[in-house]
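What follows is the content of work_35.txt (compact mmCIF, C-alpha atoms).
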```txt
# COMPACT_ATOMS: atom_id res chain seq x y z
CA MET A 11 -133.11 -85.22 -70.93
CA LYS A 12 -131.24 -81.96 -70.46
CA LYS A 13 -132.87 -79.11 -68.59
CA LYS A 14 -132.80 -75.48 -69.77
CA CYS A 15 -131.35 -72.70 -67.66
CA LYS A 16 -134.14 -70.50 -66.28
CA MET A 17 -132.24 -67.33 -67.29
CA CYS A 18 -130.34 -67.91 -70.54
CA LEU A 19 -132.39 -70.93 -71.74
CA LYS A 20 -129.29 -72.92 -72.72
CA ASN A 21 -129.33 -76.70 -72.41
CA ASN A 22 -126.11 -76.94 -70.45
CA ILE A 23 -127.11 -77.49 -66.83
CA ILE A 24 -124.60 -79.81 -65.21
CA GLY A 25 -124.87 -81.01 -61.63
CA ARG A 26 -127.73 -81.84 -59.31
CA SER A 27 -131.02 -82.95 -60.82
CA ASP A 28 -132.92 -80.05 -59.18
CA LYS A 29 -130.55 -77.36 -60.47
CA ILE A 30 -132.35 -74.66 -62.51
CA PHE A 31 -129.52 -72.27 -63.49
CA CYS A 32 -126.43 -73.07 -65.55
CA SER A 33 -124.19 -70.77 -63.49
CA ILE A 34 -124.08 -68.45 -60.52
CA VAL A 35 -124.04 -65.53 -62.99
CA CYS A 36 -127.39 -66.60 -64.47
CA LYS A 37 -128.80 -67.19 -60.99
CA ASN A 38 -127.76 -63.70 -59.85
CA LYS A 39 -129.07 -62.03 -63.04
CA TYR A 40 -132.43 -63.79 -62.65
CA HIS A 41 -132.90 -62.74 -59.02
CA LYS A 42 -131.72 -59.17 -59.72
CA LYS A 43 -134.23 -58.88 -62.58
CA LEU A 44 -136.99 -60.27 -60.36
CA GLN A 45 -136.10 -57.80 -57.61
CA ASP A 46 -136.07 -54.85 -60.05
CA VAL A 47 -139.55 -55.68 -61.39
CA THR A 48 -140.90 -56.11 -57.85
CA ASN A 49 -139.37 -52.83 -56.68
CA LYS A 50 -140.80 -50.95 -59.68
CA GLU A 51 -144.35 -52.14 -58.99
CA ALA A 52 -144.05 -51.66 -55.22
CA LYS A 53 -142.87 -48.08 -55.75
CA LYS A 54 -146.01 -47.23 -57.75
CA ILE A 55 -148.27 -48.55 -54.99
CA ASP A 56 -146.20 -46.92 -52.26
CA LEU A 57 -146.60 -43.54 -53.99
CA LEU A 58 -150.39 -44.00 -53.98
CA LEU A 59 -150.34 -44.95 -50.29
CA HIS A 60 -148.26 -41.88 -49.42
CA ARG A 61 -150.61 -39.68 -51.43
CA ASN A 62 -153.62 -41.13 -49.59
CA ARG A 63 -151.94 -40.46 -46.24
CA SER A 64 -151.12 -36.89 -47.26
CA ILE A 65 -154.74 -36.28 -48.23
CA LEU A 66 -155.98 -37.60 -44.88
CA LEU A 67 -153.40 -35.50 -43.01
CA GLU A 68 -154.41 -32.39 -44.94
CA ILE A 69 -158.10 -32.94 -44.16
CA MET A 70 -157.53 -33.83 -40.49
CA GLY A 71 -155.03 -31.12 -39.68
CA LYS A 72 -152.42 -31.56 -36.97
CA LYS A 73 -154.66 -31.66 -33.91
CA ASN A 74 -157.83 -33.55 -34.85
CA ARG A 75 -158.04 -37.20 -33.79
CA LYS A 76 -161.47 -37.96 -35.33
CA LEU A 77 -163.34 -36.26 -38.10
CA LYS A 78 -166.42 -37.11 -40.15
CA VAL A 79 -166.39 -35.83 -43.74
CA LYS A 80 -168.48 -36.28 -46.86
CA ARG A 81 -167.12 -38.83 -49.32
CA TYR A 82 -167.00 -36.29 -52.16
CA ILE A 83 -164.35 -34.28 -50.28
CA LEU A 84 -161.95 -37.22 -50.48
CA GLU A 85 -162.97 -38.02 -54.07
CA LYS A 86 -162.36 -34.38 -55.07
CA LYS A 87 -158.79 -34.68 -53.81
CA ARG A 88 -158.45 -37.97 -55.77
CA PHE A 89 -158.20 -40.19 -52.70
CA ARG A 90 -157.86 -43.83 -53.83
CA PHE A 91 -160.16 -45.87 -51.58
CA LYS A 92 -158.89 -49.24 -52.79
CA TYR A 93 -155.31 -48.54 -51.69
CA HIS A 94 -154.68 -49.13 -47.99
CA THR A 95 -152.04 -50.81 -45.87
CA HIS A 96 -154.30 -53.04 -43.76
CA PHE A 97 -157.76 -53.28 -42.22
CA HIS A 98 -159.42 -54.04 -38.90
CA ILE A 99 -162.90 -55.38 -38.21
CA ASN A 100 -164.16 -54.33 -34.80
CA SER A 101 -166.45 -56.29 -32.46
CA LYS A 102 -169.51 -54.72 -34.10
CA GLY A 103 -168.46 -55.95 -37.54
CA LYS A 104 -167.43 -52.53 -38.84
CA MET A 105 -164.37 -52.42 -41.09
CA TYR A 106 -161.69 -49.78 -40.67
CA LYS A 107 -159.20 -49.43 -43.51
CA TYR A 108 -155.77 -48.03 -42.71
CA VAL A 109 -153.13 -46.00 -44.47
CA TYR A 110 -150.24 -46.27 -42.06
CA ASP A 111 -151.40 -44.35 -38.94
CA PHE A 112 -154.76 -43.15 -40.29
CA ALA A 113 -157.95 -45.22 -40.40
CA TRP A 114 -161.25 -44.60 -42.10
CA MET A 115 -164.65 -46.20 -42.05
CA GLU A 116 -167.27 -45.72 -44.75
CA PHE A 117 -170.90 -45.13 -43.78
CA SER A 118 -173.90 -45.86 -45.97
CA ASP A 119 -174.88 -42.19 -46.08
CA ASP A 120 -171.71 -41.20 -48.02
CA GLU A 121 -169.86 -40.07 -44.93
CA ILE A 122 -166.39 -41.15 -43.95
CA LEU A 123 -165.08 -41.27 -40.40
CA ILE A 124 -161.34 -40.59 -40.32
CA ILE A 125 -159.30 -41.48 -37.24
CA ARG A 126 -155.68 -40.80 -36.46
CA LYS A 127 -154.09 -43.61 -34.49
CA SER A 128 -151.52 -42.47 -31.97
CA LYS A 129 -148.22 -44.30 -31.81
CA THR A 130 -148.82 -45.58 -28.30
CA GLU A 131 -152.42 -46.73 -28.44
CA ASN A 132 -153.83 -49.96 -29.78
CA LEU A 133 -156.85 -48.95 -31.86
CA SER A 134 -159.76 -51.20 -31.00
CA PHE A 135 -163.27 -49.92 -31.35
```
Rewritten as C-alpha cells:
Amino acid sequence: MKKKCKMCLKNNIIGRSDKIFCSIVCKNKYHKKLQDVTNKEAKKIDLLLHRNRSILLEIMGKKNRKLKVKRYILEKKRFRFKYHTHFHINSKGKMYKYVYDFAWMEFSDDEILIIRKSKTENLSF
C-alpha cells in the first residue's frame, strides 16, 4: 500500500516506511505553512497581552507598586481578563494572574489589586 505525501497528497513516497513527505520541498512547504499559521495566531494573542499591559501601566503610573481599583475601571478600558501570560497561587490559595511584569488579583467585592513586579524580586505573597 502506497502512502500519500502529507503536503501534496501524491502517492509517490519512496524510501523508509515511516516517511511522510515525497520530497524535501514538500517537507519544507508543510513546515513553513505550519509556522505561518502559528505566527498569525500568536500575533493576535500577543497584541491583546501588550494591550492589557499598557492598560495596567496607564492605571498604575510610573511610581506605584500596588494599587486597588474597581473592576469597572479595567472593563471600561476594555481590559481582557482571560488573557494573561501566567499565574501564581500563593500560600493562602489566592491566585495572581500576570501580564509580563504586572500581576492582578480579583476580589469578590469587584475590586482588583494590581501589583508591579520589579525585575530583581521574586514575587511571593
Inset, instruction - State, in Å with one decimal place, the distance from CA of Lys127 in chain A to CA of Ala113 in chain A. - result: 7.2 Å
Legend entry - Selection near Met17 in chain A, 10 Å with only C-alpha atoms, sequence-local residues under 5 positions removed, as a PyMOL selection string: chain A and resi 30-33+35-41+43
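Note that the spacing between CA of Lys42 in chain A and CA of Cys18 in chain A amounts to 14.0 Å.
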Inset, instruction - Rank nothing, just name the residue among A:Tyr93, A:Lys29, A:Leu66, A:Asn100 nearest to Lys54 in chain A, using only C-alpha atoms. - result: A:Tyr93
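Across the model, the gap from CA of Val47 in chain A to CA of Arg26 in chain A is 28.8 Å.
Between Ser27 in chain A and the residues A:Lys13, A:Arg75, A:Arg126, A:Lys53, the shortest atom-to-atom distance, using only C-alpha atoms, involves A:Lys13.
Nearest residue to Leu58 in chain A, choosing from A:Val109, A:Phe97, A:Glu85, A:Cys15 and counting only C-alpha atoms: A:Val109.
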Inset, instruction - Please identify all polymer residues within 12 Å of Phe117 in chain A, counting only C-alpha atoms, omitting same-chain residues fewer than 6 positions from it, and present them as an MDAnalysis selection string. - result: chainID A and resid 78:81 104:106 123:124
Legend entry - For Phe89 in chain A, the nearest of the candidates A:Arg61, A:Ser101, A:Ile69, A:Trp114, counting all atoms listed in the file: A:Arg61
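Distance annotation: of A:Asp28, A:Asp111, A:Glu116, A:Glu121, the residue with the minimal separation from Ser64 in chain A is A:Asp111; atom set is all atoms listed in the file.
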Inset, instruction - Select all residues near (-154.4, -51.9, -53.0) (cut-off 12 Å, inclusive, file coordinates), counting only C-alpha atoms, and output them as a PyMOL selection string. - result: chain A and resi 51-52+54-59+62+90-97+107-109
Let me have the centre and edge lengths in Å, one decimal, of the box along x, y and z around every listed atom of range 90-104 of chain A with 6 Å of margin on each side, as JSON.
```
{"center_x": -160.8, "center_y": -50.1, "center_z": -43.1, "size_x": 29.5, "size_y": 24.5, "size_z": 33.4}
```
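Considering all atoms listed in the file, the residue among A:Ile24, A:Tyr82, A:Gln45, A:Phe112 positioned nearest to Met70 in chain A is A:Phe112.
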